[in-house]
Amino acid sequence: MSFFELDGLTKRFGGLVAVDALSMSVDRGEIVGLIGPNGSGKSTVFNCTMGRYTVSDGSIHFDGREITDAKTHEVVEHGLARVSQESNPIDAMSVGANIKLFTLPNSVTSLRGGASEKEIFRYAARLDLENKLHEQPDELPHADVRRLEVAKALATEPELLLLDEPFAGMNQQEIDGLVEKFEELRDEGVTMIVVDHNMGGLMRLVDRVVVIHNGTKIAAGDPEEIAENEQVRRAYLGSSEAM
Amino acid sequence: MSSDTQTGGPLESVADGYNDRFGHLFGELNGPQFALLIGSLAVLLVAPVWTSLLGVGGLLRTLALASIWAILAMAWDIQSGYTGYISFGHAVLSGGAAYTTAMLVAHVNPDLPFLVTAPISVLAALVIGLVIAVPSLRLRGPYFSLVTFVAGLIFYQLTYAFSGYTGGELGQRVGRIEFELAGAQVTTFDPVTRYYVMLVPMLVIAVALLYVARSNVGMILIAIRENEEAVAAAGIDTTKFKIWSFVLSSIPMGVGGVLLAHFYGTVNPLNFLLVDRSIEIIAMAVVGGMSSILGPIGGAFLVIVLREEVLGVFGVTGRWVALWTVVLLVLVFARDGLFRKLWHVLGDWGRIDGGDDE
Amino acid sequence: MLGAIGSFLVTGAMISAIYALIAIGFTMIFGVGGVLNLAHGGLIMLGAYGFLVVTSSSTVEFLTIPPIAGLAVAIAVGAVASYGLYVGLVEYIEDNPVITFLATLVVALILAELAVVAFSSSPRGLVNLAPGSSGGSLGIRVTNIEIVAFVVSWVAIGLLWYYVTRTDEGRSILATSMSQRGAQLTGVDLPSIKARTWLIAGGLAGLAGVFIGTLQQTSPVMWLDPLALAFIIVVIGGIGSIKGSIVAAYLIGYLETLTVTLLGSGFRGTFSLVVLVIVLLVMPQGLYGREWVHE
Amino acid sequence: MTNNDTGIPVTRNERKATIDRRTFLGAAGAGAVATTLAGCLGDEDDLIRVGHIGPLQQDMGAGSENSAQLAVDQLNEEDGIMDREVELVSADSVGDPGEALTATEEMVEQDGVDVIIGTFVTEVMQGITDYVADVDVPFLITGSADPVTVTDTVAEDYDRFKNIFRSGPINSDLQAEGMVDYAEFLADEYGWTQFAHIADDAAWTEPFSDNLPGYLEDVGLDVVHEDRLAPGTDDWAPVNSDIDDADADAVFRFFAHNVGTGMLVNWRENEYEFAIEGIHVPGMSPEFWDDSEGAALYETTSQSGAAGAADITSETGPFVDAYAEEYGDDRPSLPMYMGFNTYDAVFVYKDAVERAGTVDYQADIDTIVDELLETDHEGAAGEIEFYGPDEDYPHDVRETTDDDGVITNFPVTQWQDDGEFECVYPEHLASADHITPEWL
């Protein structure tokens, strides 16, 4: 069994089928791109994985365990973390505290656990936020807020990182910087699934691409193969989105 | 949490001494804030002396009552203020404890000692808290508030429906607190003893709740209020923590309920379960400043002293009109609470950023 | 037996009509603005006292008008107070539902205490709009005032129905309560719709106050039970659904009548509250409403 | 009010000034401090302080407070008590035992009152008895009628509770007996034989629920329906319909916490064929006619003092006139039953301490108690004598009876046409005949 595996994953909202019997697998150490036009069900796959949505049918396995019906915090405890499309830092807390929150033990009796200041500094430094630990999230520029999201996810020490449009709203220079960080992470052995519209940034990063359209998988393969794939082109054109 | 002290002075150095030793446990303070806390503590601890010197012995009763309400307001705060799940039925918890004491005395054995009835009553508050929390925490925002409000109404009506057990509208007697402490007989017939019997638990609970509030647990509860999904994404079981906040709240609510029962000597729906009582608890916390533990203490003393000693110039009913009007004004114009404002003023004064919990 | 069933059906219908009157305004305000107006019971109380002041010779002597005119005064008092509450207070705080919840409840408490100051805590009776009774036939007794309440309630509901389905102004209220964002996109003036809704809701509350004040009593504590009823009915009927409120009012009216018959009057309100909690937890969208719970 | 011309400063607890005594700290500052110190130091300022407690927001308590003030003013116009001036200290129990206890402690400890008079609700009275017994201050109960008032206290532990007396009304065991006399009167008058019995679900009605049905059966009358109602009942249709279904000729209803307005309206509109008798505390208020918009018509209630409608003794008329002159424009415009008893209690206390020659209850409570037991006072509500320590109801006011053994100090009043409050029973006191609705 692969490190991460979706088997016939299906999610229905009332009559609407958002994800339809999707199967895919990811091996340890891989970076896989998950692409598809808007509304194709990419984020729904992440939401099902993270336990935000209940799965209608099919199963999800991670690291040898079934996590299909696990709650969000259980999924995170198993070593999965997600960087959401929308940034949601807690504005009432400093950057440092936001990171610290992600290191706290899930125990009501642990009053003084969590990362030390040194460790928080290290988590922040991985994304060049070490000088902004005392700032409030709403004072940060957009790119830093996105970086904070990644830093928070990393603070849970994940083995598999789900990146949901990590580059949204960034300029090319910022994207390049972030891609470099992800490559460093890969070198450290973190497995990643990346969703993005920006094929440019993604293609450089990923080992493999899975394309979904209307909730079903229409193609999978190397980035180069996918770029050539006629069906993928049609799917994107049909939704009037450029590659 | 930085304490880059630049202003000197003896006050600051005392405050720094405190910060070094306890700051990480209870939050850091600057000089003026430290002075306010220590000053208030001293005033409360020696209240029997100055009230008697000033010839205002009656004030001691008001301060004892305020201490009990401070317990209730803090207990509400650790649950509602911190998690943002605003309970409008918290009087059910204190009322449940008070009624447990009353029913034990009335229907089991009138001679049950305080040291037996009190723990059972606190336990009852905890059970009621969990019974309310587990189903209702599925709802959010005003819907959660609505369910807790309705829970309050149900308990209120049940005291009438089962008047054979509860004494109905007029309630039941519980009498005074009498127990032995280190060989000495403690009884609340004496006003000074009664004051300390109410004050000491309040201080102990304040320290305990401050300690929890400034810990990981407090941080997680506040994070739940701000963004529950982010907390779940951090691998933290928010349901567990929300229920835990009810546990943290129910126990002091139970203590407050038992003390209030013995303070009044009688437990009845009017003083314990009427919706007004839940709203009073909230009003104290909001007037003082929610999610700060210290704010609700200030709010409780302010509201009780206003109600018992000052607003009476408007008459027995008029004082309530005046009190609720004050609360309404604070709600509209100073949502964050008066004592939080004061705290920030003191903070700016000492030009140190510290002490605040948020 | 036939008499008992007939009596149950008639008693239930009478009380349910008043319950519908209590709940509709509450549900409209929640539907349009997302505000749980806990001062709703206070407005009902204002209506009753308003009626008392203008119709009774024992309050303001030179001001004694016929009860039917008093009914109009009660509606006006409720409507104006409700409108004033919105533009004077709620409009500034409605962004925070919890503060609004608390503030409107505090307003209700202030109104109740003011009623004690102005009228003492002793309950008052109201001049009867329609003295006498009809009945005895089939062993069912109904007082005329109950029949009037029943008819007036349905007339009010009919007028409201006409307003929200047949007039442009009214339709914008209905549209807003179905989807605030949708209505905004179509360019309606949200603040004025909200203010108008509060006005109508207050008028209905004032009207309900007269009937409750006559059939039960007019007292400073009369705000709480109707408020609890409004909650129950609105939750069961579904938020924002006028139809749901009417159906739920009849469900609760009959349920209470049955409870009183079987368990005694002490359990009248309690049982309904328990039903409310169950509905809220099991079927939070109610009968006809939109979803309550966030995901 | 009145005491300006007696040379005594207006007391801070006057209702009109709306300065409640519990608020003086905030309101009066230094003046209050002085007063309080004086209170602590005892009676060195030579004033005798009469403490009064009752639900001042209700007509019952307000009438009682006014009556106490009237008695104190009248004493000061003469020689006061033991030639010392008298001051009234009045506290609001808010009808709540907890508040009452707080207020009582304050009256005793801060204000240094020499006697406490009042308490309307039994539970309030019970809430303060332990404390009152501990400090030995004479306590004259003037409102609550439950026999437990004395049977649970003075009769249980005489030595501890000996300072507790009830100067009126007669206790509800005796009231239940009086009610049977009245039922027989109705049976004679109208031929009624079937009675219904409904009561507040509260402690004070238990003597009636326990005894009255049995007593009625004993004299050959039928009890066809019995029920207890939760306080705050507001749906009266089923209540009346049940009474009617049982074919009762009259219902004895005992309401203090429930307000019978809704019942009366429903009864009148449906023209139910039974009469409404018994005890209805809200209906004793002179304002009830207006409060109920005339729905009060035909209902009766028993009450001490007969609301001043009958000259029970030679004291009744002058008291009612003096009250009307002083407080006739206030609410309540007549002293309610508690007012009669409170007014009498002030004089009972005065007579006793003057005979004892002391008001110092800490030292001389036994002497004061002995003299209170000797009381034989013609009061506004009737002749006042107390049961002795060894009798069934120690320290309770005795019932008075006529030659046939019928209890006379528990008269019945009825609301009649145009809001006239008439005494209709016992016959020798009656100001008007008992009437029944025209539809009966």
# chains A, B, ... in the order shown; residues from 1 in each chain; ligands from 1
$ select_by_dssp --residues "range 64-164 of chain B" --states "alpha helix (DSSP H)" --output "JSON, numbers by chain"
{"B": [64, 65, 66, 67, 68, 69, 70, 71, 72, 73, 74, 75, 76, 82, 83, 91, 92, 93, 94, 95, 96, 97, 98, 99, 100, 101, 102, 103, 114, 115, 116, 117, 118, 119, 120, 121, 122, 123, 124, 125, 126, 127, 128, 129, 130, 131, 132, 133, 134, 135, 136, 141, 142, 143, 144, 145, 146, 147, 148, 149, 150, 151, 152, 153, 154, 155, 156, 157, 158, 159, 160, 161, 163, 164]}
$ write_last_selection --atoms "C-alpha atoms" --output "mmCIF file, in the first residue's frame"
data_model
loop_
_atom_site.group_PDB
_atom_site.id
_atom_site.type_symbol
_atom_site.label_atom_id
_atom_site.label_comp_id
_atom_site.auth_asym_id
_atom_site.auth_seq_id
_atom_site.Cartn_x
_atom_site.Cartn_y
_atom_site.Cartn_z
ATOM 1 C CA ALA B 64 -18.768 39.302 50.769
ATOM 2 C CA LEU B 65 -21.632 39.163 48.294
ATOM 3 C CA ALA B 66 -19.439 40.716 45.602
ATOM 4 C CA SER B 67 -16.797 38.055 46.250
ATOM 5 C CA ILE B 68 -19.327 35.336 45.518
ATOM 6 C CA TRP B 69 -20.489 37.030 42.352
ATOM 7 C CA ALA B 70 -16.871 37.522 41.330
ATOM 8 C CA ILE B 71 -16.451 33.751 41.484
ATOM 9 C CA LEU B 72 -19.471 33.328 39.228
ATOM 10 C CA ALA B 73 -18.324 35.999 36.786
ATOM 11 C CA MET B 74 -14.814 34.507 36.530
ATOM 12 C CA ALA B 75 -16.259 31.039 36.092
ATOM 13 C CA TRP B 76 -18.478 32.286 33.291
ATOM 14 C CA TYR B 82 -12.501 32.601 26.444
ATOM 15 C CA THR B 83 -14.172 30.253 23.950
ATOM 16 C CA ALA B 91 -27.026 30.508 36.639
ATOM 17 C CA VAL B 92 -28.250 26.944 36.137
ATOM 18 C CA LEU B 93 -24.840 25.711 37.276
ATOM 19 C CA SER B 94 -24.643 27.763 40.459
ATOM 20 C CA GLY B 95 -28.361 27.264 40.988
ATOM 21 C CA GLY B 96 -27.959 23.524 40.522
ATOM 22 C CA ALA B 97 -25.302 23.429 43.213
ATOM 23 C CA ALA B 98 -27.380 25.590 45.544
ATOM 24 C CA TYR B 99 -30.450 23.436 45.031
ATOM 25 C CA THR B 100 -28.413 20.297 45.612
ATOM 26 C CA THR B 101 -27.359 21.642 48.983
ATOM 27 C CA ALA B 102 -30.933 22.642 49.775
ATOM 28 C CA MET B 103 -32.415 19.299 48.748
ATOM 29 C CA PHE B 114 -21.272 21.582 55.199
ATOM 30 C CA LEU B 115 -18.143 19.636 54.362
ATOM 31 C CA VAL B 116 -20.373 16.863 52.987
ATOM 32 C CA THR B 117 -23.030 18.882 51.172
ATOM 33 C CA ALA B 118 -20.598 21.312 49.552
ATOM 34 C CA PRO B 119 -18.523 18.803 47.531
ATOM 35 C CA ILE B 120 -21.639 16.915 46.431
ATOM 36 C CA SER B 121 -23.179 20.187 45.298
ATOM 37 C CA VAL B 122 -20.107 21.198 43.328
ATOM 38 C CA LEU B 123 -20.163 17.781 41.707
ATOM 39 C CA ALA B 124 -23.802 18.346 40.796
ATOM 40 C CA ALA B 125 -22.851 21.618 39.086
ATOM 41 C CA LEU B 126 -20.227 19.732 37.120
ATOM 42 C CA VAL B 127 -22.721 17.091 36.017
ATOM 43 C CA ILE B 128 -25.255 19.733 34.984
ATOM 44 C CA GLY B 129 -22.519 21.601 33.144
ATOM 45 C CA LEU B 130 -21.642 18.515 31.138
ATOM 46 C CA VAL B 131 -25.277 17.686 30.459
ATOM 47 C CA ILE B 132 -25.711 21.146 28.969
ATOM 48 C CA ALA B 133 -22.320 21.318 27.244
ATOM 49 C CA VAL B 134 -22.168 18.051 25.389
ATOM 50 C CA PRO B 135 -25.229 18.481 23.179
ATOM 51 C CA SER B 136 -25.278 22.273 22.933
ATOM 52 C CA GLY B 141 -22.960 31.794 17.955
ATOM 53 C CA PRO B 142 -26.439 32.895 18.983
ATOM 54 C CA TYR B 143 -27.742 29.347 18.563
ATOM 55 C CA PHE B 144 -25.549 28.092 21.356
ATOM 56 C CA SER B 145 -26.590 31.081 23.434
ATOM 57 C CA LEU B 146 -30.227 30.313 22.689
ATOM 58 C CA VAL B 147 -29.950 26.718 23.873
ATOM 59 C CA THR B 148 -28.247 27.738 27.103
ATOM 60 C CA PHE B 149 -30.852 30.453 27.621
ATOM 61 C CA VAL B 150 -33.587 27.878 27.169
ATOM 62 C CA ALA B 151 -31.808 25.485 29.528
ATOM 63 C CA GLY B 152 -32.054 28.263 32.108
ATOM 64 C CA LEU B 153 -35.771 28.654 31.479
ATOM 65 C CA ILE B 154 -36.328 24.914 31.784
ATOM 66 C CA PHE B 155 -34.552 24.642 35.115
ATOM 67 C CA TYR B 156 -36.438 27.698 36.364
ATOM 68 C CA GLN B 157 -39.770 26.155 35.450
ATOM 69 C CA LEU B 158 -38.840 22.765 36.850
ATOM 70 C CA THR B 159 -38.448 24.289 40.309
ATOM 71 C CA TYR B 160 -42.117 25.208 40.084
ATOM 72 C CA ALA B 161 -43.262 21.991 38.448
ATOM 73 C CA SER B 163 -42.404 22.304 43.993
ATOM 74 C CA GLY B 164 -42.867 19.361 46.328
#
$ interface_residues --of "chain B" --to "chain D" --cutoff "7 Å" --atoms "only C-alpha atoms" --output "JSON, numbers by chain"
{"B": [55, 56, 58, 160, 170, 173, 264, 265, 266, 308, 309, 310, 312, 313, 314, 315, 316]}
$ interface_residues --of "chain D" --to "chain C" --cutoff "9 Å" --atoms "only C-alpha atoms" --output "count of residues only"
31
$ residues_around --residues "Asn216 in chain B" --least-positions-apart "2" --cutoff "8 Å" --atoms "only C-alpha atoms" --output "short mmCIF file (atom, residue, chain, number, x, y, z; two decimals) with N, CA and C atoms, in the first residue's frame"
data_model
loop_
_atom_site.label_atom_id
_atom_site.label_comp_id
_atom_site.auth_asym_id
_atom_site.auth_seq_id
_atom_site.Cartn_x
_atom_site.Cartn_y
_atom_site.Cartn_z
N LEU A 104 1.21 22.97 20.23
CA LEU A 104 0.69 22.61 21.55
C LEU A 104 0.17 21.19 21.53
N SER A 110 -2.17 19.51 29.87
CA SER A 110 -0.83 20.02 29.63
C SER A 110 -0.86 21.54 29.60
N LEU A 111 -0.44 22.14 30.70
CA LEU A 111 -0.60 23.59 30.81
C LEU A 111 0.59 24.35 30.24
N ARG A 112 1.75 23.72 30.25
CA ARG A 112 2.96 24.48 29.85
C ARG A 112 3.75 23.77 28.76
N GLY A 113 3.11 22.92 27.95
CA GLY A 113 3.86 22.21 26.90
C GLY A 113 4.09 23.08 25.68
N GLY A 114 4.29 22.44 24.54
CA GLY A 114 4.48 23.18 23.30
C GLY A 114 5.92 23.55 23.08
N VAL B 212 -4.61 28.92 34.76
CA VAL B 212 -5.08 28.15 33.60
C VAL B 212 -5.20 29.06 32.37
N ALA B 213 -5.73 30.26 32.60
CA ALA B 213 -5.99 31.16 31.48
C ALA B 213 -4.70 31.58 30.79
N ARG B 214 -3.61 31.68 31.57
CA ARG B 214 -2.33 32.10 30.98
C ARG B 214 -1.54 30.89 30.49
N GLY B 218 -5.62 28.20 28.14
CA GLY B 218 -6.21 29.51 27.88
C GLY B 218 -5.96 29.95 26.45
N MET B 219 -4.75 29.69 25.99
CA MET B 219 -4.38 30.09 24.63
C MET B 219 -5.25 29.35 23.62
N ILE B 220 -5.45 28.08 23.86
CA ILE B 220 -6.27 27.30 22.92
C ILE B 220 -7.72 27.76 22.97
#
$ interface_residues --of "chain A" --to "chain C" --cutoff "12 Å" --atoms "only C-alpha atoms" --output "list of chain:residue names"
A:Arg52, A:Tyr53, A:Thr54
$ write_last_selection --atoms "N, CA, C and O atoms" --output "PDB file, in the first residue's frame"
ATOM      1  N   ARG A  52     -12.737  17.643   7.247  1.00  0.00           N
ATOM      2  CA  ARG A  52     -13.686  18.755   7.331  1.00  0.00           C
ATOM      3  C   ARG A  52     -15.027  18.355   6.754  1.00  0.00           C
ATOM      4  O   ARG A  52     -16.062  18.788   7.212  1.00  0.00           O
ATOM      5  N   TYR A  53     -14.982  17.548   5.677  1.00  0.00           N
ATOM      6  CA  TYR A  53     -16.209  17.014   5.104  1.00  0.00           C
ATOM      7  C   TYR A  53     -16.285  15.538   5.443  1.00  0.00           C
ATOM      8  O   TYR A  53     -15.261  14.858   5.502  1.00  0.00           O
ATOM      9  N   THR A  54     -17.501  15.062   5.638  1.00  0.00           N
ATOM     10  CA  THR A  54     -17.638  13.616   5.786  1.00  0.00           C
ATOM     11  C   THR A  54     -17.621  12.998   4.398  1.00  0.00           C
ATOM     12  O   THR A  54     -18.202  13.537   3.452  1.00  0.00           O
TER      13      THR A  54
END
$ residues_around --residues "range 42-44 of chain B" --least-positions-apart "5" --cutoff "9 Å" --atoms "only C-alpha atoms" --output "MDAnalysis selection string"
chainID B and resid 37 50 63 199
$ write_last_selection --atoms "N, CA, C and O atoms" --output "CSV table (one decimal), in the first residue's frame"
chain,number,residue,atom,x,y,z
B,37,LEU,N,-3.1,45.8,41.4
B,37,LEU,CA,-3.5,44.4,41.9
B,37,LEU,C,-3.2,44.3,43.4
B,37,LEU,O,-4.0,43.8,44.2
B,50,TRP,N,-10.8,48.4,57.9
B,50,TRP,CA,-11.2,49.8,57.5
B,50,TRP,C,-12.7,50.0,57.5
B,50,TRP,O,-13.2,51.1,57.7
B,63,LEU,N,-19.3,43.4,50.3
B,63,LEU,CA,-18.1,42.9,49.7
B,63,LEU,C,-18.1,41.4,49.7
B,63,LEU,O,-17.5,40.7,48.8
B,199,LEU,N,-14.4,35.4,50.8
B,199,LEU,CA,-13.3,36.1,50.1
B,199,LEU,C,-12.2,35.0,49.7
B,199,LEU,O,-11.7,35.1,48.6
$ residues_around --residues "Val45 in chain A" --least-positions-apart "2" --cutoff "9 Å" --atoms "only C-alpha atoms" --output "list in words"
Leu9, Thr10, Lys11, Ala18, Val19, Leu22, Gly41, Lys42, Ser43, Asn47, Cys48, Thr49, Met50 and Gly215 of chain A
$ write_last_selection --atoms "N, CA, C and O atoms" --output "short mmCIF file (atom, residue, chain, number, x, y, z; two decimals), in the first residue's frame"
data_model
loop_
_atom_site.label_atom_id
_atom_site.label_comp_id
_atom_site.auth_asym_id
_atom_site.auth_seq_id
_atom_site.Cartn_x
_atom_site.Cartn_y
_atom_site.Cartn_z
N LEU A 9 -12.77 7.57 -3.72
CA LEU A 9 -13.29 8.65 -2.88
C LEU A 9 -14.43 9.38 -3.58
O LEU A 9 -14.32 9.81 -4.72
N THR A 10 -15.54 9.48 -2.89
CA THR A 10 -16.72 10.14 -3.45
C THR A 10 -17.29 11.11 -2.42
O THR A 10 -17.36 10.79 -1.23
N LYS A 11 -17.63 12.30 -2.87
CA LYS A 11 -18.29 13.27 -1.98
C LYS A 11 -19.48 13.87 -2.71
O LYS A 11 -19.35 14.44 -3.78
N ALA A 18 -19.39 16.11 -6.11
CA ALA A 18 -18.22 16.98 -6.22
C ALA A 18 -16.98 16.18 -6.53
O ALA A 18 -16.11 16.60 -7.29
N VAL A 19 -16.87 15.02 -5.92
CA VAL A 19 -15.76 14.11 -6.21
C VAL A 19 -16.37 12.75 -6.50
O VAL A 19 -17.19 12.26 -5.72
N LEU A 22 -12.83 8.89 -7.00
CA LEU A 22 -11.45 9.26 -7.32
C LEU A 22 -10.48 8.32 -6.61
O LEU A 22 -10.58 8.10 -5.41
N GLY A 41 -13.15 19.98 -8.00
CA GLY A 41 -13.21 19.14 -6.80
C GLY A 41 -11.89 18.99 -6.07
O GLY A 41 -11.77 18.19 -5.15
N LYS A 42 -10.88 19.80 -6.44
CA LYS A 42 -9.56 19.66 -5.80
C LYS A 42 -9.61 19.95 -4.31
O LYS A 42 -9.16 19.15 -3.47
N SER A 43 -10.20 21.11 -3.99
CA SER A 43 -10.25 21.47 -2.58
C SER A 43 -11.13 20.52 -1.79
O SER A 43 -10.87 20.25 -0.62
N ASN A 47 -10.49 18.71 1.68
CA ASN A 47 -11.42 18.83 2.80
C ASN A 47 -11.86 17.47 3.31
O ASN A 47 -12.02 17.28 4.52
N CYS A 48 -12.02 16.52 2.38
CA CYS A 48 -12.37 15.16 2.81
C CYS A 48 -11.20 14.54 3.56
O CYS A 48 -11.37 13.90 4.60
N THR A 49 -10.02 14.73 3.05
CA THR A 49 -8.84 14.15 3.67
C THR A 49 -8.64 14.68 5.09
O THR A 49 -8.35 13.94 6.02
N MET A 50 -8.85 16.00 5.23
CA MET A 50 -8.60 16.63 6.53
C MET A 50 -9.75 16.44 7.52
O MET A 50 -9.71 16.94 8.62
N GLY A 215 -14.69 16.19 -10.80
CA GLY A 215 -14.61 15.20 -9.74
C GLY A 215 -14.01 13.87 -10.14
O GLY A 215 -13.81 13.00 -9.30
#
$ select_by_dssp --residues "range 133-203 of chain C" --states "strand (DSSP E or B)" --output "ChimeraX atom specification"
/C:133-135,141-143
$ atom_distance --atom1 "CA of Asp344 in chain D" --atom2 "CA of Ala381 in chain D"
7.4 Å
$ residues_around --residues "range 399-407 of chain D" --least-positions-apart "5" --cutoff "12 Å" --atoms "only C-alpha atoms" --output "PyMOL selection string"
chain D and resi 166-185+302+304+312+378+381-387+393+412+425-429
$ residues_around --residues "Val232 in chain A" --least-positions-apart "4" --cutoff "8 Å" --atoms "only C-alpha atoms" --output "VMD selection string"
chain A and resid 211 218 to 219 226 to 227 236
$ closest_atom_pairs --of "chain C" --to "chain B" --cutoff "8 Å" --atoms "only C-alpha atoms" --output "JSON lines"
{"residue": "C:Leu36", "atom": "CA", "partner": "B:Pro142", "partner_atom": "CA", "distance": 7.8}
{"residue": "C:Tyr92", "atom": "CA", "partner": "B:Val332", "partner_atom": "CA", "distance": 7.8}
{"residue": "C:Ile93", "atom": "CA", "partner": "B:Val332", "partner_atom": "CA", "distance": 6.9}
{"residue": "C:Pro97", "atom": "CA", "partner": "B:Pro142", "partner_atom": "CA", "distance": 6.3}
{"residue": "C:Val98", "atom": "CA", "partner": "B:Pro142", "partner_atom": "CA", "distance": 6.1}
{"residue": "C:Ile99", "atom": "CA", "partner": "B:Leu331", "partner_atom": "CA", "distance": 6.9}
{"residue": "C:Phe101", "atom": "CA", "partner": "B:Pro142", "partner_atom": "CA", "distance": 7.3}
{"residue": "C:Leu102", "atom": "CA", "partner": "B:Ile279", "partner_atom": "CA", "distance": 7.7}
{"residue": "C:Ala103", "atom": "CA", "partner": "B:Leu328", "partner_atom": "CA", "distance": 6.1}
{"residue": "C:Val106", "atom": "CA", "partner": "B:Trp324", "partner_atom": "CA", "distance": 6.2}
{"residue": "C:Val107", "atom": "CA", "partner": "B:Leu328", "partner_atom": "CA", "distance": 7.6}
{"residue": "C:Leu109", "atom": "CA", "partner": "B:Trp324", "partner_atom": "CA", "distance": 7.3}
{"residue": "C:Ile110", "atom": "CA", "partner": "B:Val321", "partner_atom": "CA", "distance": 5.3}
{"residue": "C:Glu113", "atom": "CA", "partner": "B:Val321", "partner_atom": "CA", "distance": 5.9}
{"residue": "C:Leu114", "atom": "CA", "partner": "B:Val321", "partner_atom": "CA", "distance": 6.7}
{"residue": "C:Val116", "atom": "CA", "partner": "B:Thr317", "partner_atom": "CA", "distance": 7.1}
{"residue": "C:Val117", "atom": "CA", "partner": "B:Thr317", "partner_atom": "CA", "distance": 6.6}
{"residue": "C:Ala228", "atom": "CA", "partner": "B:Val150", "partner_atom": "CA", "distance": 7.6}
{"residue": "C:Gly266", "atom": "CA", "partner": "B:Ala161", "partner_atom": "CA", "distance": 4.9}
{"residue": "C:Phe267", "atom": "CA", "partner": "B:Ala161", "partner_atom": "CA", "distance": 5.9}
{"residue": "C:Gly269", "atom": "CA", "partner": "B:Gln157", "partner_atom": "CA", "distance": 7.5}
{"residue": "C:Thr270", "atom": "CA", "partner": "B:Ile154", "partner_atom": "CA", "distance": 5.6}
{"residue": "C:Leu273", "atom": "CA", "partner": "B:Ile154", "partner_atom": "CA", "distance": 6.4}
{"residue": "C:Val274", "atom": "CA", "partner": "B:Ile154", "partner_atom": "CA", "distance": 7.4}
{"residue": "C:Val277", "atom": "CA", "partner": "B:Val147", "partner_atom": "CA", "distance": 6.6}
{"residue": "C:Leu280", "atom": "CA", "partner": "B:Val147", "partner_atom": "CA", "distance": 7.9}
{"residue": "C:Leu281", "atom": "CA", "partner": "B:Pro135", "partner_atom": "CA", "distance": 7.1}
{"residue": "C:Trp292", "atom": "CA", "partner": "B:Tyr143", "partner_atom": "CA", "distance": 7.7}
{"residue": "C:Val293", "atom": "CA", "partner": "B:Leu139", "partner_atom": "CA", "distance": 6.1}
{"residue": "C:His294", "atom": "CA", "partner": "B:Arg140", "partner_atom": "CA", "distance": 7.1}
$ write_last_selection --atoms "C-alpha atoms" --output "mmCIF file, in the first residue's frame"
data_model
loop_
_atom_site.group_PDB
_atom_site.id
_atom_site.type_symbol
_atom_site.label_atom_id
_atom_site.label_comp_id
_atom_site.auth_asym_id
_atom_site.auth_seq_id
_atom_site.Cartn_x
_atom_site.Cartn_y
_atom_site.Cartn_z
ATOM 1 C CA LEU C 36 -32.633 37.485 17.883
ATOM 2 C CA TYR C 92 -25.291 50.108 15.921
ATOM 3 C CA ILE C 93 -24.563 46.718 17.409
ATOM 4 C CA PRO C 97 -24.877 38.843 17.401
ATOM 5 C CA VAL C 98 -23.938 38.114 20.968
ATOM 6 C CA ILE C 99 -23.816 41.762 22.012
ATOM 7 C CA PHE C 101 -28.581 39.185 22.086
ATOM 8 C CA LEU C 102 -27.405 40.568 25.400
ATOM 9 C CA ALA C 103 -28.386 44.175 24.759
ATOM 10 C CA VAL C 106 -31.134 44.024 28.921
ATOM 11 C CA VAL C 107 -33.655 46.301 27.191
ATOM 12 C CA LEU C 109 -35.237 43.857 31.737
ATOM 13 C CA ILE C 110 -35.233 47.658 31.769
ATOM 14 C CA GLU C 113 -38.471 47.333 35.798
ATOM 15 C CA LEU C 114 -39.891 50.525 34.343
ATOM 16 C CA VAL C 116 -42.954 48.158 37.983
ATOM 17 C CA VAL C 117 -42.061 51.786 38.630
ATOM 18 C CA ALA C 228 -39.888 31.775 25.278
ATOM 19 C CA GLY C 266 -47.295 23.162 36.015
ATOM 20 C CA PHE C 267 -45.692 21.459 33.042
ATOM 21 C CA GLY C 269 -44.124 25.621 29.379
ATOM 22 C CA THR C 270 -41.487 23.136 30.408
ATOM 23 C CA LEU C 273 -39.009 23.984 26.010
ATOM 24 C CA VAL C 274 -37.783 20.426 26.065
ATOM 25 C CA VAL C 277 -34.115 21.731 22.660
ATOM 26 C CA LEU C 280 -32.698 22.422 17.874
ATOM 27 C CA LEU C 281 -30.303 19.553 18.322
ATOM 28 C CA TRP C 292 -29.217 27.083 11.321
ATOM 29 C CA VAL C 293 -25.969 25.491 12.112
ATOM 30 C CA HIS C 294 -22.698 26.505 10.592
#
